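Asks: File work26.cif follows (mmCIF, C-alpha atoms, pLDDT in the B column; chains and numbers go by the auth columns):
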```
data_coords
#
loop_
_atom_site.group_PDB
_atom_site.id
_atom_site.type_symbol
_atom_site.label_atom_id
_atom_site.label_comp_id
_atom_site.label_asym_id
_atom_site.label_seq_id
_atom_site.Cartn_x
_atom_site.Cartn_y
_atom_site.Cartn_z
_atom_site.B_iso_or_equiv
_atom_site.auth_seq_id
_atom_site.auth_asym_id
ATOM 1 C CA GLN A 1 -16.322 3.680 11.139 88.00 1 A
ATOM 2 C CA VAL A 2 -12.813 2.788 9.992 92.00 2 A
ATOM 3 C CA GLN A 3 -9.956 5.222 9.557 95.00 3 A
ATOM 4 C CA LEU A 4 -6.757 4.598 7.630 96.00 4 A
ATOM 5 C CA VAL A 5 -3.863 6.954 8.181 96.00 5 A
ATOM 6 C CA GLU A 6 -0.947 6.788 5.791 97.00 6 A
ATOM 7 C CA SER A 7 2.581 8.046 6.340 97.00 7 A
ATOM 8 C CA GLY A 8 6.034 7.783 4.862 97.00 8 A
ATOM 9 C CA GLY A 9 5.642 9.305 1.433 95.00 9 A
ATOM 10 C CA GLY A 10 7.875 12.002 0.038 97.00 10 A
ATOM 11 C CA LEU A 11 10.604 12.849 -2.414 98.00 11 A
ATOM 12 C CA VAL A 12 13.419 10.422 -3.140 98.00 12 A
ATOM 13 C CA GLN A 13 16.092 10.094 -5.788 98.00 13 A
ATOM 14 C CA VAL A 14 16.226 7.319 -8.336 98.00 14 A
ATOM 15 C CA GLY A 15 17.465 4.129 -6.733 98.00 15 A
ATOM 16 C CA GLY A 16 16.425 5.255 -3.284 98.00 16 A
ATOM 17 C CA SER A 17 14.019 3.713 -0.817 98.00 17 A
ATOM 18 C CA LEU A 18 10.895 4.679 1.069 98.00 18 A
ATOM 19 C CA ARG A 19 8.721 2.861 3.564 98.00 19 A
ATOM 20 C CA LEU A 20 5.023 3.587 3.523 98.00 20 A
ATOM 21 C CA SER A 21 2.816 2.844 6.514 98.00 21 A
ATOM 22 C CA CYS A 22 -0.945 2.611 6.877 97.00 22 A
ATOM 23 C CA ALA A 23 -2.452 2.455 10.342 97.00 23 A
ATOM 24 C CA ALA A 24 -6.041 1.318 10.753 96.00 24 A
ATOM 25 C CA SER A 25 -8.342 2.251 13.596 94.00 25 A
ATOM 26 C CA GLY A 26 -12.004 2.126 14.441 92.00 26 A
ATOM 27 C CA ASN A 27 -14.426 -0.716 13.906 89.00 27 A
ATOM 28 C CA ILE A 28 -12.024 -3.175 12.340 89.00 28 A
ATOM 29 C CA ARG A 29 -10.559 -6.597 13.043 88.00 29 A
ATOM 30 C CA PHE A 30 -7.333 -6.060 11.206 88.00 30 A
ATOM 31 C CA SER A 31 -6.179 -9.666 11.491 85.00 31 A
ATOM 32 C CA ILE A 32 -8.980 -10.919 9.255 86.00 32 A
ATOM 33 C CA THR A 33 -8.719 -8.269 6.591 90.00 33 A
ATOM 34 C CA ALA A 34 -7.283 -8.349 3.127 90.00 34 A
ATOM 35 C CA THR A 35 -5.008 -5.391 2.624 93.00 35 A
ATOM 36 C CA GLY A 36 -3.226 -3.830 -0.271 97.00 36 A
ATOM 37 C CA TRP A 37 -1.575 -0.846 -1.844 98.00 37 A
ATOM 38 C CA TYR A 38 -2.595 1.012 -4.978 98.00 38 A
ATOM 39 C CA ARG A 39 -1.153 3.983 -6.790 98.00 39 A
ATOM 40 C CA GLN A 40 -2.272 6.592 -9.264 98.00 40 A
ATOM 41 C CA ALA A 41 0.102 8.495 -11.468 97.00 41 A
ATOM 42 C CA PRO A 42 -0.877 11.806 -13.080 92.00 42 A
ATOM 43 C CA GLY A 43 -3.204 11.242 -15.998 95.00 43 A
ATOM 44 C CA LYS A 44 -3.488 7.522 -15.339 97.00 44 A
ATOM 45 C CA GLN A 45 -5.965 5.237 -13.684 97.00 45 A
ATOM 46 C CA ARG A 46 -5.398 3.906 -10.205 97.00 46 A
ATOM 47 C CA GLU A 47 -3.502 0.642 -10.373 98.00 47 A
ATOM 48 C CA TRP A 48 -2.998 -2.178 -7.935 98.00 48 A
ATOM 49 C CA VAL A 49 0.526 -2.533 -6.526 98.00 49 A
ATOM 50 C CA ALA A 50 0.551 -5.276 -3.884 98.00 50 A
ATOM 51 C CA LEU A 51 -1.674 -7.248 -1.568 97.00 51 A
ATOM 52 C CA ILE A 52 -1.347 -9.296 1.588 96.00 52 A
ATOM 53 C CA ARG A 53 -4.214 -11.373 2.873 94.00 53 A
ATOM 54 C CA SER A 54 -5.028 -12.557 6.354 92.00 54 A
ATOM 55 C CA ASP A 55 -3.845 -16.063 5.417 92.00 55 A
ATOM 56 C CA GLY A 56 -0.429 -14.677 4.517 93.00 56 A
ATOM 57 C CA TYR A 57 -0.841 -14.797 0.773 96.00 57 A
ATOM 58 C CA ILE A 58 1.172 -12.052 -0.936 98.00 58 A
ATOM 59 C CA ASN A 59 1.249 -10.879 -4.508 98.00 59 A
ATOM 60 C CA TYR A 60 2.735 -7.991 -6.450 98.00 60 A
ATOM 61 C CA ALA A 61 2.206 -6.227 -9.702 98.00 61 A
ATOM 62 C CA ASP A 62 4.885 -7.179 -12.211 98.00 62 A
ATOM 63 C CA SER A 63 6.135 -3.605 -12.305 98.00 63 A
ATOM 64 C CA VAL A 64 7.210 -3.704 -8.647 98.00 64 A
ATOM 65 C CA LYS A 65 8.039 -7.361 -8.145 98.00 65 A
ATOM 66 C CA GLY A 66 11.493 -7.789 -6.637 98.00 66 A
ATOM 67 C CA ARG A 67 11.666 -4.140 -5.546 98.00 67 A
ATOM 68 C CA PHE A 68 8.689 -3.665 -3.226 98.00 68 A
ATOM 69 C CA THR A 69 7.802 -5.664 -0.128 98.00 69 A
ATOM 70 C CA ILE A 70 4.410 -5.601 1.527 98.00 70 A
ATOM 71 C CA SER A 71 3.973 -6.588 5.154 97.00 71 A
ATOM 72 C CA ARG A 72 1.602 -6.124 8.040 96.00 72 A
ATOM 73 C CA ASP A 73 1.614 -6.119 11.820 95.00 73 A
ATOM 74 C CA ASN A 74 -1.769 -7.308 13.004 94.00 74 A
ATOM 75 C CA ALA A 75 -1.032 -6.372 16.614 95.00 75 A
ATOM 76 C CA LYS A 76 -0.553 -2.762 15.516 96.00 76 A
ATOM 77 C CA SER A 77 -3.282 -2.859 12.850 95.00 77 A
ATOM 78 C CA THR A 78 -0.706 -1.490 10.457 96.00 78 A
ATOM 79 C CA MET A 79 0.472 -2.429 7.001 96.00 79 A
ATOM 80 C CA TYR A 80 3.655 -1.416 5.256 98.00 80 A
ATOM 81 C CA LEU A 81 5.138 -1.094 1.818 98.00 81 A
ATOM 82 C CA GLN A 82 8.912 -1.116 1.618 98.00 82 A
ATOM 83 C CA MET A 83 9.929 0.362 -1.711 98.00 83 A
ATOM 84 C CA ASN A 84 13.496 -0.113 -2.912 98.00 84 A
ATOM 85 C CA SER A 85 15.301 0.690 -6.143 98.00 85 A
ATOM 86 C CA LEU A 86 12.740 3.350 -6.912 98.00 86 A
ATOM 87 C CA LYS A 87 12.282 4.523 -10.468 98.00 87 A
ATOM 88 C CA PRO A 88 10.757 7.711 -11.906 97.00 88 A
ATOM 89 C CA GLU A 89 7.790 5.651 -13.087 96.00 89 A
ATOM 90 C CA ASP A 90 7.010 4.840 -9.454 98.00 90 A
ATOM 91 C CA THR A 91 6.009 8.469 -8.977 98.00 91 A
ATOM 92 C CA ALA A 92 2.344 8.502 -7.966 98.00 92 A
ATOM 93 C CA VAL A 93 -0.108 9.023 -5.170 98.00 93 A
ATOM 94 C CA TYR A 94 -0.139 5.839 -3.123 98.00 94 A
ATOM 95 C CA TYR A 95 -3.256 4.580 -1.375 98.00 95 A
ATOM 96 C CA CYS A 96 -3.677 1.811 1.160 97.00 96 A
ATOM 97 C CA ASN A 97 -6.770 -0.340 0.997 97.00 97 A
ATOM 98 C CA VAL A 98 -8.338 -2.565 3.614 96.00 98 A
ATOM 99 C CA ASN A 99 -11.205 -4.942 2.964 94.00 99 A
ATOM 100 C CA GLN A 100 -13.269 -6.331 5.810 92.00 100 A
ATOM 101 C CA TYR A 101 -16.239 -8.493 4.950 87.00 101 A
ATOM 102 C CA ALA A 102 -17.966 -6.732 2.047 88.00 102 A
ATOM 103 C CA LEU A 103 -16.621 -3.286 2.857 93.00 103 A
ATOM 104 C CA SER A 104 -13.590 -1.567 1.399 94.00 104 A
ATOM 105 C CA TYR A 105 -11.735 1.305 3.013 96.00 105 A
ATOM 106 C CA TRP A 106 -9.130 3.653 1.554 97.00 106 A
ATOM 107 C CA GLY A 107 -6.413 5.814 2.965 96.00 107 A
ATOM 108 C CA GLN A 108 -6.223 9.481 2.089 95.00 108 A
ATOM 109 C CA GLY A 109 -3.373 8.968 -0.351 96.00 109 A
ATOM 110 C CA MET A 110 0.177 10.256 -0.158 97.00 110 A
ATOM 111 C CA GLN A 111 2.549 11.507 -2.779 98.00 111 A
ATOM 112 C CA VAL A 112 5.677 9.603 -3.689 98.00 112 A
ATOM 113 C CA THR A 113 7.968 11.411 -6.088 98.00 113 A
ATOM 114 C CA VAL A 114 11.089 9.818 -7.534 98.00 114 A
ATOM 115 C CA SER A 115 13.457 12.341 -9.057 97.00 115 A
ATOM 116 C CA SER A 116 16.057 11.526 -11.670 89.00 116 A
#
```
Could you rewrite the structure in this file as structure tokens?

Replies:
Amino acid sequence: QVQLVESGGGLVQVGGSLRLSCAASGNIRFSITATGWYRQAPGKQREWVALIRSDGYINYADSVKGRFTISRDNAKSTMYLQMNSLKPEDTAVYYCNVNQYALSYWGQGMQVTVSS
């Protein structure tokens, strides 16, 4: 059993910043996992935002490149998403995702609202 607990979402003005966290616990070896963030805006499909693999490889969706930074602390089994220069179109429910072997785990989702 693996649990992912997200925190850090909320309401922010355009141009502001938020830092999302996702803490993993349970039957998981966080250091070998591939981890990422996704988001789902109202009326839209869930979309991938960023990923960071156990080998250090990082990639971002074009829509957030240069504004968002993904990171992880394996010792704390926690991943982060630093979001800067937020735009109204970043408004969505954000989900963390952790993949270990053939299994995929999701956080409960948290709302991020960017007001103009």

Asks: What lies within 7 Å of Ser17 of chain A using all atoms listed in the file, ignoring chain neighbours under 3 positions off, as a PyMOL selection string?

Replies: chain A and resi 83-86

Asks: Take the residues that were just selected and, keeping C-alpha atoms, output them as a PDB file, in the frame of the given file.

Replies:
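Written out: out-v1.pdb:
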```pdb
ATOM      1  CA  MET A  83       9.929   0.362  -1.711  1.00 98.00           C
ATOM      2  CA  ASN A  84      13.496  -0.113  -2.912  1.00 98.00           C
ATOM      3  CA  SER A  85      15.301   0.690  -6.143  1.00 98.00           C
ATOM      4  CA  LEU A  86      12.740   3.350  -6.912  1.00 98.00           C
TER       5      LEU A  86
END
```

Asks: Apply the PyMOL selection byres ((chain A and resi 63) around 12) to the file shown and report the selected residues as a tab-separated table (two decimals) with C-alpha atoms, keeping the file's coordinate frame.

Replies:
```
chain	number	residue	atom	x	y	z
A	39	ARG	CA	-1.15	3.98	-6.79
A	47	GLU	CA	-3.50	0.64	-10.37
A	48	TRP	CA	-3.00	-2.18	-7.94
A	49	VAL	CA	0.53	-2.53	-6.53
A	50	ALA	CA	0.55	-5.28	-3.88
A	59	ASN	CA	1.25	-10.88	-4.51
A	60	TYR	CA	2.74	-7.99	-6.45
A	61	ALA	CA	2.21	-6.23	-9.70
A	62	ASP	CA	4.88	-7.18	-12.21
A	64	VAL	CA	7.21	-3.70	-8.65
A	65	LYS	CA	8.04	-7.36	-8.14
A	66	GLY	CA	11.49	-7.79	-6.64
A	67	ARG	CA	11.67	-4.14	-5.55
A	68	PHE	CA	8.69	-3.66	-3.23
A	83	MET	CA	9.93	0.36	-1.71
A	85	SER	CA	15.30	0.69	-6.14
A	86	LEU	CA	12.74	3.35	-6.91
A	87	LYS	CA	12.28	4.52	-10.47
A	89	GLU	CA	7.79	5.65	-13.09
A	90	ASP	CA	7.01	4.84	-9.45
```

Asks: Check what the PyMOL selection byres ((chain A and resi 72) around 10) selects in the file above and give those residues as a PyMOL selection string.

Replies: chain A and resi 21-23+30-31+35-36+52-54+56+70-71+73-81

Asks: Report as a PyMOL selection string the residues that result from applying the PyMOL selection byres ((chain A and resi 109) around 8) to the structure here.

Replies: chain A and resi 6+93-96+107-108+110-111

Asks: Given the point (-18.4, -11.3, 6.7) in the coordinates of this file, which residues lie within 12 Å, counting only C-alpha atoms, and how would they look as a ChimeraX atom specification?

Replies: /A:28-29,32-33,99-103

Asks: Quick one: residues within 7 Å of (13.7, 11.8, -9.3) (file frame), counting all atoms listed in the file, please, as a PyMOL selection string.

Replies: chain A and resi 12-14+88+113-116

Asks: Atom CA of Leu11 of chain A and atom CA of Ala92 of chain A are how many Å apart?

Replies: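 Between these atoms lies a distance of 10.9 Å.
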
Asks: By how many Å are atom CA of Leu20 of chain A and atom CA of Thr69 of chain A apart?

Replies: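 Atom CA of Thr69 of chain A lies 10.3 Å from atom CA of Leu20 of chain A.
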
Asks: Please write N, CA, C and O atoms of segment 83-113 of chain A, from the structure given just now, as a PDB file, in the first residue's frame.

Replies:
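Written output follows (part_19.pdb):
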```
ATOM      1  N   MET A  83       6.051  26.597  -8.645  1.00  0.00           N
ATOM      2  CA  MET A  83       5.336  27.238  -9.740  1.00  0.00           C
ATOM      3  C   MET A  83       5.470  28.746  -9.607  1.00  0.00           C
ATOM      4  O   MET A  83       5.012  29.322  -8.612  1.00  0.00           O
ATOM      5  N   ASN A  84       6.110  29.351 -10.582  1.00  0.00           N
ATOM      6  CA  ASN A  84       6.312  30.801 -10.599  1.00  0.00           C
ATOM      7  C   ASN A  84       5.597  31.420 -11.786  1.00  0.00           C
ATOM      8  O   ASN A  84       5.212  30.716 -12.726  1.00  0.00           O
ATOM      9  N   SER A  85       5.437  32.722 -11.737  1.00  0.00           N
ATOM     10  CA  SER A  85       4.805  33.465 -12.830  1.00  0.00           C
ATOM     11  C   SER A  85       3.491  32.813 -13.242  1.00  0.00           C
ATOM     12  O   SER A  85       3.223  32.585 -14.428  1.00  0.00           O
ATOM     13  N   LEU A  86       2.673  32.525 -12.273  1.00  0.00           N
ATOM     14  CA  LEU A  86       1.434  31.799 -12.540  1.00  0.00           C
ATOM     15  C   LEU A  86       0.469  32.606 -13.374  1.00  0.00           C
ATOM     16  O   LEU A  86       0.376  33.843 -13.252  1.00  0.00           O
ATOM     17  N   LYS A  87      -0.254  31.890 -14.218  1.00  0.00           N
ATOM     18  CA  LYS A  87      -1.211  32.480 -15.142  1.00  0.00           C
ATOM     19  C   LYS A  87      -2.604  31.915 -14.854  1.00  0.00           C
ATOM     20  O   LYS A  87      -2.722  30.817 -14.295  1.00  0.00           O
ATOM     21  N   PRO A  88      -3.650  32.606 -15.274  1.00  0.00           N
ATOM     22  CA  PRO A  88      -5.003  32.071 -15.067  1.00  0.00           C
ATOM     23  C   PRO A  88      -5.177  30.675 -15.668  1.00  0.00           C
ATOM     24  O   PRO A  88      -5.887  29.836 -15.098  1.00  0.00           O
ATOM     25  N   GLU A  89      -4.514  30.420 -16.772  1.00  0.00           N
ATOM     26  CA  GLU A  89      -4.640  29.108 -17.418  1.00  0.00           C
ATOM     27  C   GLU A  89      -3.943  27.993 -16.637  1.00  0.00           C
ATOM     28  O   GLU A  89      -4.061  26.817 -16.998  1.00  0.00           O
ATOM     29  N   ASP A  90      -3.224  28.335 -15.597  1.00  0.00           N
ATOM     30  CA  ASP A  90      -2.646  27.314 -14.720  1.00  0.00           C
ATOM     31  C   ASP A  90      -3.658  26.812 -13.691  1.00  0.00           C
ATOM     32  O   ASP A  90      -3.368  25.856 -12.958  1.00  0.00           O
ATOM     33  N   THR A  91      -4.806  27.451 -13.633  1.00  0.00           N
ATOM     34  CA  THR A  91      -5.847  27.031 -12.702  1.00  0.00           C
ATOM     35  C   THR A  91      -6.299  25.612 -13.024  1.00  0.00           C
ATOM     36  O   THR A  91      -6.688  25.314 -14.158  1.00  0.00           O
ATOM     37  N   ALA A  92      -6.222  24.740 -12.026  1.00  0.00           N
ATOM     38  CA  ALA A  92      -6.556  23.326 -12.230  1.00  0.00           C
ATOM     39  C   ALA A  92      -6.432  22.592 -10.900  1.00  0.00           C
ATOM     40  O   ALA A  92      -5.938  23.138  -9.908  1.00  0.00           O
ATOM     41  N   VAL A  93      -6.876  21.356 -10.923  1.00  0.00           N
ATOM     42  CA  VAL A  93      -6.560  20.440  -9.827  1.00  0.00           C
ATOM     43  C   VAL A  93      -5.253  19.742 -10.194  1.00  0.00           C
ATOM     44  O   VAL A  93      -5.138  19.180 -11.294  1.00  0.00           O
ATOM     45  N   TYR A  94      -4.302  19.809  -9.300  1.00  0.00           N
ATOM     46  CA  TYR A  94      -2.983  19.231  -9.551  1.00  0.00           C
ATOM     47  C   TYR A  94      -2.849  17.904  -8.812  1.00  0.00           C
ATOM     48  O   TYR A  94      -3.219  17.789  -7.632  1.00  0.00           O
ATOM     49  N   TYR A  95      -2.294  16.923  -9.522  1.00  0.00           N
ATOM     50  CA  TYR A  95      -2.111  15.588  -8.982  1.00  0.00           C
ATOM     51  C   TYR A  95      -0.641  15.178  -9.066  1.00  0.00           C
ATOM     52  O   TYR A  95      -0.003  15.384 -10.113  1.00  0.00           O
ATOM     53  N   CYS A  96      -0.129  14.574  -8.024  1.00  0.00           N
ATOM     54  CA  CYS A  96       1.199  13.980  -8.128  1.00  0.00           C
ATOM     55  C   CYS A  96       1.037  12.509  -8.505  1.00  0.00           C
ATOM     56  O   CYS A  96       0.015  11.875  -8.202  1.00  0.00           O
ATOM     57  N   ASN A  97       2.047  11.999  -9.153  1.00  0.00           N
ATOM     58  CA  ASN A  97       2.033  10.632  -9.649  1.00  0.00           C
ATOM     59  C   ASN A  97       3.384   9.983  -9.386  1.00  0.00           C
ATOM     60  O   ASN A  97       4.422  10.597  -9.647  1.00  0.00           O
ATOM     61  N   VAL A  98       3.343   8.784  -8.867  1.00  0.00           N
ATOM     62  CA  VAL A  98       4.566   8.036  -8.599  1.00  0.00           C
ATOM     63  C   VAL A  98       4.432   6.654  -9.225  1.00  0.00           C
ATOM     64  O   VAL A  98       3.419   5.975  -9.014  1.00  0.00           O
ATOM     65  N   ASN A  99       5.448   6.271  -9.970  1.00  0.00           N
ATOM     66  CA  ASN A  99       5.455   4.970 -10.625  1.00  0.00           C
ATOM     67  C   ASN A  99       6.596   4.125 -10.075  1.00  0.00           C
ATOM     68  O   ASN A  99       7.755   4.545 -10.109  1.00  0.00           O
ATOM     69  N   GLN A 100       6.236   2.969  -9.567  1.00  0.00           N
ATOM     70  CA  GLN A 100       7.221   2.029  -9.037  1.00  0.00           C
ATOM     71  C   GLN A 100       6.957   0.681  -9.681  1.00  0.00           C
ATOM     72  O   GLN A 100       5.868   0.138  -9.520  1.00  0.00           O
ATOM     73  N   TYR A 101       7.960   0.171 -10.386  1.00  0.00           N
ATOM     74  CA  TYR A 101       7.807  -1.036 -11.156  1.00  0.00           C
ATOM     75  C   TYR A 101       6.627  -0.838 -12.113  1.00  0.00           C
ATOM     76  O   TYR A 101       6.610   0.125 -12.847  1.00  0.00           O
ATOM     77  N   ALA A 102       5.669  -1.698 -12.123  1.00  0.00           N
ATOM     78  CA  ALA A 102       4.553  -1.589 -13.059  1.00  0.00           C
ATOM     79  C   ALA A 102       3.340  -0.898 -12.451  1.00  0.00           C
ATOM     80  O   ALA A 102       2.291  -0.840 -13.083  1.00  0.00           O
ATOM     81  N   LEU A 103       3.499  -0.359 -11.263  1.00  0.00           N
ATOM     82  CA  LEU A 103       2.358   0.228 -10.564  1.00  0.00           C
ATOM     83  C   LEU A 103       2.442   1.752 -10.565  1.00  0.00           C
ATOM     84  O   LEU A 103       3.516   2.331 -10.507  1.00  0.00           O
ATOM     85  N   SER A 104       1.278   2.361 -10.639  1.00  0.00           N
ATOM     86  CA  SER A 104       1.189   3.818 -10.670  1.00  0.00           C
ATOM     87  C   SER A 104       0.278   4.288  -9.555  1.00  0.00           C
ATOM     88  O   SER A 104      -0.824   3.749  -9.376  1.00  0.00           O
ATOM     89  N   TYR A 105       0.722   5.286  -8.834  1.00  0.00           N
ATOM     90  CA  TYR A 105      -0.020   5.799  -7.687  1.00  0.00           C
ATOM     91  C   TYR A 105      -0.288   7.285  -7.887  1.00  0.00           C
ATOM     92  O   TYR A 105       0.541   8.010  -8.457  1.00  0.00           O
ATOM     93  N   TRP A 106      -1.441   7.733  -7.382  1.00  0.00           N
ATOM     94  CA  TRP A 106      -1.856   9.121  -7.546  1.00  0.00           C
ATOM     95  C   TRP A 106      -2.171   9.760  -6.194  1.00  0.00           C
ATOM     96  O   TRP A 106      -2.714   9.117  -5.293  1.00  0.00           O
ATOM     97  N   GLY A 107      -1.855  11.044  -6.117  1.00  0.00           N
ATOM     98  CA  GLY A 107      -2.284  11.814  -4.975  1.00  0.00           C
ATOM     99  C   GLY A 107      -3.770  12.132  -5.087  1.00  0.00           C
ATOM    100  O   GLY A 107      -4.409  11.850  -6.099  1.00  0.00           O
ATOM    101  N   GLN A 108      -4.293  12.728  -4.040  1.00  0.00           N
ATOM    102  CA  GLN A 108      -5.730  12.994  -3.982  1.00  0.00           C
ATOM    103  C   GLN A 108      -6.133  14.203  -4.818  1.00  0.00           C
ATOM    104  O   GLN A 108      -7.319  14.393  -5.075  1.00  0.00           O
ATOM    105  N   GLY A 109      -5.167  14.973  -5.235  1.00  0.00           N
ATOM    106  CA  GLY A 109      -5.462  16.171  -6.024  1.00  0.00           C
ATOM    107  C   GLY A 109      -5.674  17.379  -5.137  1.00  0.00           C
ATOM    108  O   GLY A 109      -6.231  17.271  -4.046  1.00  0.00           O
ATOM    109  N   MET A 110      -5.192  18.519  -5.574  1.00  0.00           N
ATOM    110  CA  MET A 110      -5.408  19.760  -4.834  1.00  0.00           C
ATOM    111  C   MET A 110      -5.619  20.915  -5.811  1.00  0.00           C
ATOM    112  O   MET A 110      -5.007  20.966  -6.870  1.00  0.00           O
ATOM    113  N   GLN A 111      -6.480  21.805  -5.397  1.00  0.00           N
ATOM    114  CA  GLN A 111      -6.868  22.908  -6.254  1.00  0.00           C
ATOM    115  C   GLN A 111      -5.817  24.006  -6.235  1.00  0.00           C
ATOM    116  O   GLN A 111      -5.336  24.406  -5.168  1.00  0.00           O
ATOM    117  N   VAL A 112      -5.490  24.476  -7.413  1.00  0.00           N
ATOM    118  CA  VAL A 112      -4.680  25.679  -7.586  1.00  0.00           C
ATOM    119  C   VAL A 112      -5.508  26.643  -8.417  1.00  0.00           C
ATOM    120  O   VAL A 112      -5.930  26.302  -9.535  1.00  0.00           O
ATOM    121  N   THR A 113      -5.757  27.811  -7.870  1.00  0.00           N
ATOM    122  CA  THR A 113      -6.547  28.816  -8.559  1.00  0.00           C
ATOM    123  C   THR A 113      -5.731  30.091  -8.697  1.00  0.00           C
ATOM    124  O   THR A 113      -5.234  30.621  -7.697  1.00  0.00           O
TER     125      THR A 113
END
```
